[in-house]
Amino acid sequence: MPKVGLSGALSKRIEASQNEHDPIDRAYDEMFGLNHKGDGEKIVELDLTHVKPHPQDPFKPYSEEKLKELADSIAKVGLLDPINVRPDKNGGYEILTGKNRSNAARLNGDKKIKAIVRDVDDDTAVMIITDSNLKHREKLLPSEKAFAYKLQLDAVKKQGKRSDLEENETSTQIAWKSESACLVAEHNEVSRDEIRRYIRLTYLIPELLELVDNDEIPLMAGVYISQIDEQAQKEVYQYFFVLNNEGKLDLKTSAAIKEAFKDRKMSITVDTLAKLLNKEKSKIKPKPFSINRSKFKDFADKLPNDNDLEKLFLEFLHEKFGDK
(Lines give C-alpha, C1' and ligand atoms only; values in the text may rest on other atoms or scores of the structure.)
Protein backbone atom coordinates (compact mmCIF):
# COMPACT_ATOMS: atom_id res chain seq x y z
CA MET A 1 0.00 0.00 0.00
CA PRO A 2 1.53 3.36 -0.94
CA LYS A 3 2.22 5.86 1.80
CA VAL A 4 0.35 9.14 1.95
CA GLY A 5 1.57 12.48 3.27
CA LEU A 6 0.52 13.71 6.68
CA SER A 7 -1.65 16.45 5.22
CA GLY A 8 -3.45 13.88 3.09
CA ALA A 9 -3.87 11.60 6.08
CA LEU A 10 -5.35 14.41 8.15
CA SER A 11 -7.80 15.24 5.36
CA LYS A 12 -8.85 11.60 5.24
CA ARG A 13 -9.37 11.68 9.00
CA ILE A 14 -11.79 14.59 8.63
CA GLU A 15 -13.71 12.69 5.96
CA ALA A 16 -13.69 9.57 8.12
CA SER A 17 -15.09 11.44 11.11
CA GLN A 18 -18.06 12.50 8.99
CA ASN A 19 -18.86 8.95 7.94
CA GLU A 20 -19.86 6.54 10.69
CA HIS A 21 -19.03 3.57 8.47
CA ASP A 22 -15.46 4.75 7.93
CA PRO A 23 -13.10 4.09 10.94
CA ILE A 24 -11.57 7.21 12.44
CA ASP A 25 -8.06 5.69 12.42
CA ARG A 26 -8.09 4.54 8.80
CA ALA A 27 -5.90 7.42 7.60
CA TYR A 28 -3.41 6.77 10.39
CA ASP A 29 -3.18 3.09 9.43
CA GLU A 30 -2.95 4.00 5.74
CA MET A 31 0.15 6.08 6.43
CA PHE A 32 1.99 2.99 7.64
CA GLY A 33 0.16 0.05 6.08
CA LEU A 34 -0.96 -1.31 9.44
CA ASN A 35 -3.10 -4.11 8.01
CA HIS A 36 -1.28 -6.94 9.76
CA LYS A 37 -1.90 -9.45 6.99
CA GLY A 38 -1.97 -7.91 3.56
CA ASP A 39 -2.65 -9.40 0.14
CA GLY A 40 -0.07 -11.94 -0.96
CA GLU A 41 1.41 -12.52 2.49
CA LYS A 42 1.78 -16.18 3.41
CA ILE A 43 2.25 -18.01 6.67
CA VAL A 44 5.66 -19.73 6.80
CA GLU A 45 7.58 -21.72 9.41
CA LEU A 46 10.76 -20.10 10.69
CA ASP A 47 13.58 -21.49 12.78
CA LEU A 48 13.25 -19.93 16.26
CA THR A 49 17.02 -19.39 16.40
CA HIS A 50 16.64 -16.93 13.51
CA VAL A 51 13.90 -14.91 15.22
CA LYS A 52 14.71 -12.09 17.66
CA PRO A 53 12.97 -9.02 19.18
CA HIS A 54 13.15 -5.72 17.32
CA PRO A 55 15.95 -3.58 18.87
CA GLN A 56 13.54 -0.66 19.49
CA ASP A 57 10.77 -2.74 21.06
CA PRO A 58 9.94 -0.75 24.26
CA PHE A 59 7.76 -3.42 25.88
CA LYS A 60 9.06 -5.69 28.62
CA PRO A 61 8.71 -9.48 28.16
CA TYR A 62 6.17 -11.40 30.22
CA SER A 63 7.03 -12.43 33.76
CA GLU A 64 8.02 -16.07 34.28
CA GLU A 65 4.58 -16.89 35.65
CA LYS A 66 2.67 -15.28 32.79
CA LEU A 67 5.01 -16.76 30.19
CA LYS A 68 4.45 -20.23 31.67
CA GLU A 69 0.67 -19.75 31.36
CA LEU A 70 1.06 -18.76 27.71
CA ALA A 71 3.40 -21.70 27.04
CA ASP A 72 0.91 -24.15 28.60
CA SER A 73 -1.89 -22.71 26.45
CA ILE A 74 0.17 -23.06 23.25
CA ALA A 75 1.12 -26.61 24.22
CA LYS A 76 -2.57 -27.53 24.61
CA VAL A 77 -4.22 -25.79 21.64
CA GLY A 78 -1.30 -24.78 19.44
CA LEU A 79 -0.27 -21.34 18.19
CA LEU A 80 -3.55 -19.76 17.12
CA ASP A 81 -2.05 -16.56 15.68
CA PRO A 82 1.24 -16.55 13.77
CA ILE A 83 3.82 -13.98 14.75
CA ASN A 84 4.69 -11.06 12.44
CA VAL A 85 8.34 -10.51 11.48
CA ARG A 86 10.44 -8.58 9.01
CA PRO A 87 13.81 -9.63 7.50
CA ASP A 88 16.91 -8.13 9.12
CA LYS A 89 20.27 -7.34 7.56
CA ASN A 90 21.93 -10.53 8.80
CA GLY A 91 19.56 -13.03 7.25
CA GLY A 92 17.39 -13.41 10.35
CA TYR A 93 14.08 -11.86 11.34
CA GLU A 94 12.96 -9.11 13.72
CA ILE A 95 9.70 -9.65 15.58
CA LEU A 96 6.95 -7.09 14.95
CA THR A 97 4.22 -8.88 16.93
CA GLY A 98 4.53 -12.07 18.95
CA LYS A 99 7.66 -11.65 21.09
CA ASN A 100 6.04 -13.43 24.05
CA ARG A 101 4.58 -16.17 21.85
CA SER A 102 8.10 -16.78 20.53
CA ASN A 103 9.50 -17.02 24.07
CA ALA A 104 6.65 -19.35 25.08
CA ALA A 105 7.38 -21.61 22.09
CA ARG A 106 11.04 -21.76 23.11
CA LEU A 107 9.98 -22.62 26.66
CA ASN A 108 8.01 -25.54 25.23
CA GLY A 109 11.09 -26.75 23.39
CA ASP A 110 9.73 -25.90 19.93
CA LYS A 111 12.28 -25.44 17.16
CA LYS A 112 10.08 -23.61 14.66
CA ILE A 113 7.24 -21.11 14.74
CA LYS A 114 4.57 -19.98 12.29
CA ALA A 115 5.12 -16.44 11.06
CA ILE A 116 4.01 -13.84 8.52
CA VAL A 117 7.01 -12.15 6.91
CA ARG A 118 6.52 -8.48 6.08
CA ASP A 119 9.11 -6.40 4.26
CA VAL A 120 8.50 -3.00 5.91
CA ASP A 121 10.68 0.04 6.62
CA ASP A 122 11.88 1.13 10.07
CA ASP A 123 9.05 3.59 10.74
CA THR A 124 6.35 1.10 9.76
CA ALA A 125 8.02 -1.57 11.88
CA VAL A 126 7.90 0.51 15.08
CA MET A 127 4.32 1.53 14.31
CA ILE A 128 3.24 -2.11 14.07
CA ILE A 129 5.07 -3.02 17.29
CA THR A 130 3.68 -0.13 19.33
CA ASP A 131 0.18 -0.22 17.85
CA SER A 132 -0.24 -3.90 18.62
CA ASN A 133 0.94 -3.67 22.22
CA LEU A 134 -0.82 -0.41 23.10
CA LYS A 135 -4.13 -1.83 21.90
CA HIS A 136 -3.93 -5.39 23.17
CA ARG A 137 -1.89 -5.51 26.37
CA GLU A 138 -4.07 -5.47 29.49
CA LYS A 139 -1.59 -3.51 31.61
CA LEU A 140 1.24 -1.25 30.54
CA LEU A 141 3.98 0.35 32.62
CA PRO A 142 4.41 4.15 32.36
CA SER A 143 7.83 3.62 30.75
CA GLU A 144 6.34 1.32 28.10
CA LYS A 145 3.69 3.86 27.18
CA ALA A 146 6.29 6.64 27.22
CA PHE A 147 8.69 5.05 24.75
CA ALA A 148 5.87 3.65 22.60
CA TYR A 149 4.26 7.08 22.20
CA LYS A 150 7.67 8.63 21.46
CA LEU A 151 8.38 6.05 18.75
CA GLN A 152 4.97 6.68 17.20
CA LEU A 153 5.39 10.45 17.31
CA ASP A 154 8.84 10.27 15.72
CA ALA A 155 7.54 7.99 12.97
CA VAL A 156 4.51 10.19 12.22
CA LYS A 157 6.74 13.29 12.09
CA LYS A 158 8.91 11.60 9.47
CA GLN A 159 5.86 10.73 7.40
CA GLY A 160 4.71 14.35 7.64
CA LYS A 161 8.00 16.00 6.65
CA ARG A 162 8.16 17.73 3.29
CA SER A 163 11.32 17.26 1.29
CA ASP A 164 11.19 20.87 0.03
CA LEU A 165 11.32 22.55 3.46
CA GLU A 166 13.96 25.24 3.78
CA GLU A 167 16.01 25.63 6.95
CA ASN A 168 14.21 28.87 7.88
CA GLU A 169 10.72 27.31 7.71
CA THR A 170 10.66 26.60 11.42
CA SER A 171 7.02 27.63 11.85
CA THR A 172 5.97 25.00 9.33
CA GLN A 173 7.99 22.37 11.14
CA ILE A 174 6.35 23.37 14.43
CA ALA A 175 2.94 23.01 12.79
CA TRP A 176 3.80 19.50 11.62
CA LYS A 177 4.92 18.63 15.14
CA SER A 178 1.61 19.80 16.59
CA GLU A 179 -0.44 17.91 13.99
CA SER A 180 1.65 14.78 14.54
CA ALA A 181 0.91 14.84 18.27
CA CYS A 182 -2.80 15.23 17.54
CA LEU A 183 -2.73 12.29 15.15
CA VAL A 184 -1.02 10.01 17.65
CA ALA A 185 -3.34 11.15 20.44
CA GLU A 186 -6.51 10.56 18.44
CA HIS A 187 -5.38 7.15 17.23
CA ASN A 188 -4.69 6.03 20.80
CA GLU A 189 -7.90 7.68 22.06
CA VAL A 190 -6.11 9.87 24.61
CA SER A 191 -5.49 13.59 24.85
CA ARG A 192 -2.50 15.32 23.27
CA ASP A 193 -1.44 16.43 26.76
CA GLU A 194 -1.34 12.81 27.89
CA ILE A 195 0.91 11.92 24.97
CA ARG A 196 3.25 14.77 25.89
CA ARG A 197 3.25 13.89 29.60
CA TYR A 198 4.24 10.31 28.94
CA ILE A 199 6.90 11.26 26.41
CA ARG A 200 8.45 13.57 29.04
CA LEU A 201 9.15 10.44 31.11
CA THR A 202 11.66 9.29 28.47
CA TYR A 203 13.92 12.10 29.70
CA LEU A 204 14.17 10.58 33.18
CA ILE A 205 17.32 8.72 34.20
CA PRO A 206 16.69 4.93 34.36
CA GLU A 207 16.77 4.84 38.18
CA LEU A 208 13.96 7.39 38.50
CA LEU A 209 11.94 5.92 35.62
CA GLU A 210 12.00 2.53 37.32
CA LEU A 211 10.64 4.13 40.49
CA VAL A 212 7.78 5.64 38.46
CA ASP A 213 7.06 2.16 37.06
CA ASN A 214 7.01 0.77 40.61
CA ASP A 215 4.61 3.49 41.85
CA GLU A 216 7.25 4.86 44.24
CA ILE A 217 7.16 8.20 42.43
CA PRO A 218 3.84 9.63 41.13
CA LEU A 219 3.71 9.92 37.35
CA MET A 220 3.33 13.70 37.40
CA ALA A 221 6.21 14.02 39.85
CA GLY A 222 8.29 12.15 37.30
CA VAL A 223 7.13 14.56 34.60
CA TYR A 224 8.27 17.55 36.70
CA ILE A 225 11.68 16.03 37.49
CA SER A 226 12.19 15.09 33.82
CA GLN A 227 12.47 18.81 33.09
CA ILE A 228 15.75 19.20 34.98
CA ASP A 229 19.03 17.99 33.49
CA GLU A 230 20.52 14.53 33.89
CA GLN A 231 23.11 15.44 36.54
CA ALA A 232 20.46 17.23 38.59
CA GLN A 233 18.25 14.14 38.39
CA LYS A 234 21.12 12.06 39.74
CA GLU A 235 21.39 14.43 42.71
CA VAL A 236 17.63 14.13 43.32
CA TYR A 237 17.90 10.33 43.21
CA GLN A 238 20.85 10.44 45.61
CA TYR A 239 19.06 12.75 48.06
CA PHE A 240 15.77 10.86 48.29
CA PHE A 241 16.62 7.23 47.56
CA VAL A 242 20.28 6.65 48.44
CA LEU A 243 20.83 8.89 51.45
CA ASN A 244 17.25 8.22 52.66
CA ASN A 245 16.57 11.78 53.76
CA GLU A 246 13.22 12.62 55.27
CA GLY A 247 10.42 13.47 52.88
CA LYS A 248 9.07 11.96 49.71
CA LEU A 249 9.51 12.89 46.09
CA ASP A 250 5.81 13.60 45.74
CA LEU A 251 3.94 15.96 43.44
CA LYS A 252 4.37 19.04 45.66
CA THR A 253 8.08 18.45 46.28
CA SER A 254 8.91 17.74 42.64
CA ALA A 255 7.06 20.88 41.53
CA ALA A 256 8.99 22.94 44.10
CA ILE A 257 12.30 21.53 42.84
CA LYS A 258 11.44 22.27 39.21
CA GLU A 259 10.29 25.79 40.02
CA ALA A 260 13.24 26.65 42.28
CA PHE A 261 15.89 25.67 39.76
CA LYS A 262 14.20 26.58 36.48
CA ASP A 263 16.35 29.70 35.94
CA ARG A 264 19.53 27.62 36.51
CA LYS A 265 21.13 30.32 38.64
CA MET A 266 22.01 27.62 41.18
CA SER A 267 22.99 24.01 40.60
CA ILE A 268 20.96 21.16 42.04
CA THR A 269 23.07 19.22 44.53
CA VAL A 270 22.31 17.21 47.64
CA ASP A 271 23.17 20.28 49.73
CA THR A 272 21.04 22.76 47.75
CA LEU A 273 18.15 20.29 47.82
CA ALA A 274 18.44 20.05 51.60
CA LYS A 275 18.33 23.83 51.94
CA LEU A 276 15.38 24.13 49.57
CA LEU A 277 13.30 21.41 51.20
CA ASN A 278 14.03 22.63 54.73
CA LYS A 279 12.92 26.09 53.61
CA GLU A 280 9.75 24.63 52.11
CA LYS A 281 9.13 22.68 55.30
CA SER A 282 9.44 25.84 57.43
CA LYS A 283 6.71 27.46 55.32
CA ILE A 284 4.20 24.89 56.44
CA LYS A 285 2.10 26.32 59.24
CA PRO A 286 -0.18 24.22 61.42
CA LYS A 287 -3.80 24.56 60.45
CA PRO A 288 -6.05 26.13 63.09
CA PHE A 289 -8.38 23.73 64.83
CA SER A 290 -11.79 24.68 66.13
CA ILE A 291 -14.81 22.91 67.53
CA ASN A 292 -18.32 23.56 66.35
CA ARG A 293 -20.24 23.81 69.62
CA SER A 294 -23.58 23.33 67.85
CA LYS A 295 -22.64 19.68 67.30
CA PHE A 296 -22.42 19.20 71.07
CA LYS A 297 -25.78 20.74 71.94
CA ASP A 298 -26.71 17.67 74.02
CA PHE A 299 -23.83 18.60 76.35
CA ALA A 300 -24.28 22.37 76.22
CA ASP A 301 -24.81 22.68 79.98
CA LYS A 302 -21.70 20.61 80.73
CA LEU A 303 -19.15 22.07 78.30
CA PRO A 304 -16.57 24.42 79.87
CA ASN A 305 -15.23 27.58 78.23
CA ASP A 306 -12.85 27.33 75.26
CA ASN A 307 -9.63 27.35 77.29
CA ASP A 308 -10.82 24.60 79.62
CA LEU A 309 -12.23 22.65 76.68
CA GLU A 310 -8.81 22.73 75.00
CA LYS A 311 -7.19 21.33 78.16
CA LEU A 312 -9.86 18.66 78.39
CA PHE A 313 -9.26 17.64 74.77
CA LEU A 314 -5.48 17.46 75.32
CA GLU A 315 -6.02 15.22 78.36
CA PHE A 316 -8.14 12.94 76.19
CA LEU A 317 -5.43 12.77 73.48
CA HIS A 318 -2.73 11.93 76.02
CA GLU A 319 -4.91 9.21 77.48
CA LYS A 320 -5.81 7.84 74.05
CA PHE A 321 -2.44 7.98 72.32
CA GLY A 322 0.09 8.39 75.14
CA ASP A 323 2.70 11.07 75.65
CA LYS A 324 4.94 11.93 72.73
# chains A, B, ... in the order shown; residues from 1 in each chain; ligands from 1
>>> select_by_dssp(residues="region 174-208 of chain A", states="alpha helix (DSSP H)", output="list in words")
Ile174, Ala175, Trp176, Lys177, Ser178, Glu179, Ser180, Ala181, Cys182, Leu183, Val184, Ala185, Glu186, His187, Arg192, Asp193, Glu194, Ile195, Arg196, Arg197, Tyr198, Ile199, Arg200, Pro206, Glu207 and Leu208 of chain A
>>> select_by_dssp(residues="region 33-79 of chain A", states="strand (DSSP E)", output="ChimeraX atom specification")
/A:43-47,51-53
>>> closest_residue(among="A:Ala274, A:Ala148, A:Val51, A:Ala185", to="Lys111 (chain A)", atoms="only C-alpha atoms")
A:Val51
>>> residues_around(residues="region 193-207 of chain A", least_positions_apart="5", cutoff="12 Å", atoms="only C-alpha atoms", output="NGL selection string")
:A and (58 or 141-154 or 177-178 or 180-188 or 212-214 or 216-238 or 240-242)
>>> atom_distance(atom1="CA of Lys66 (chain A)", atom2="CA of Glu94 (chain A)")
22.5 Å
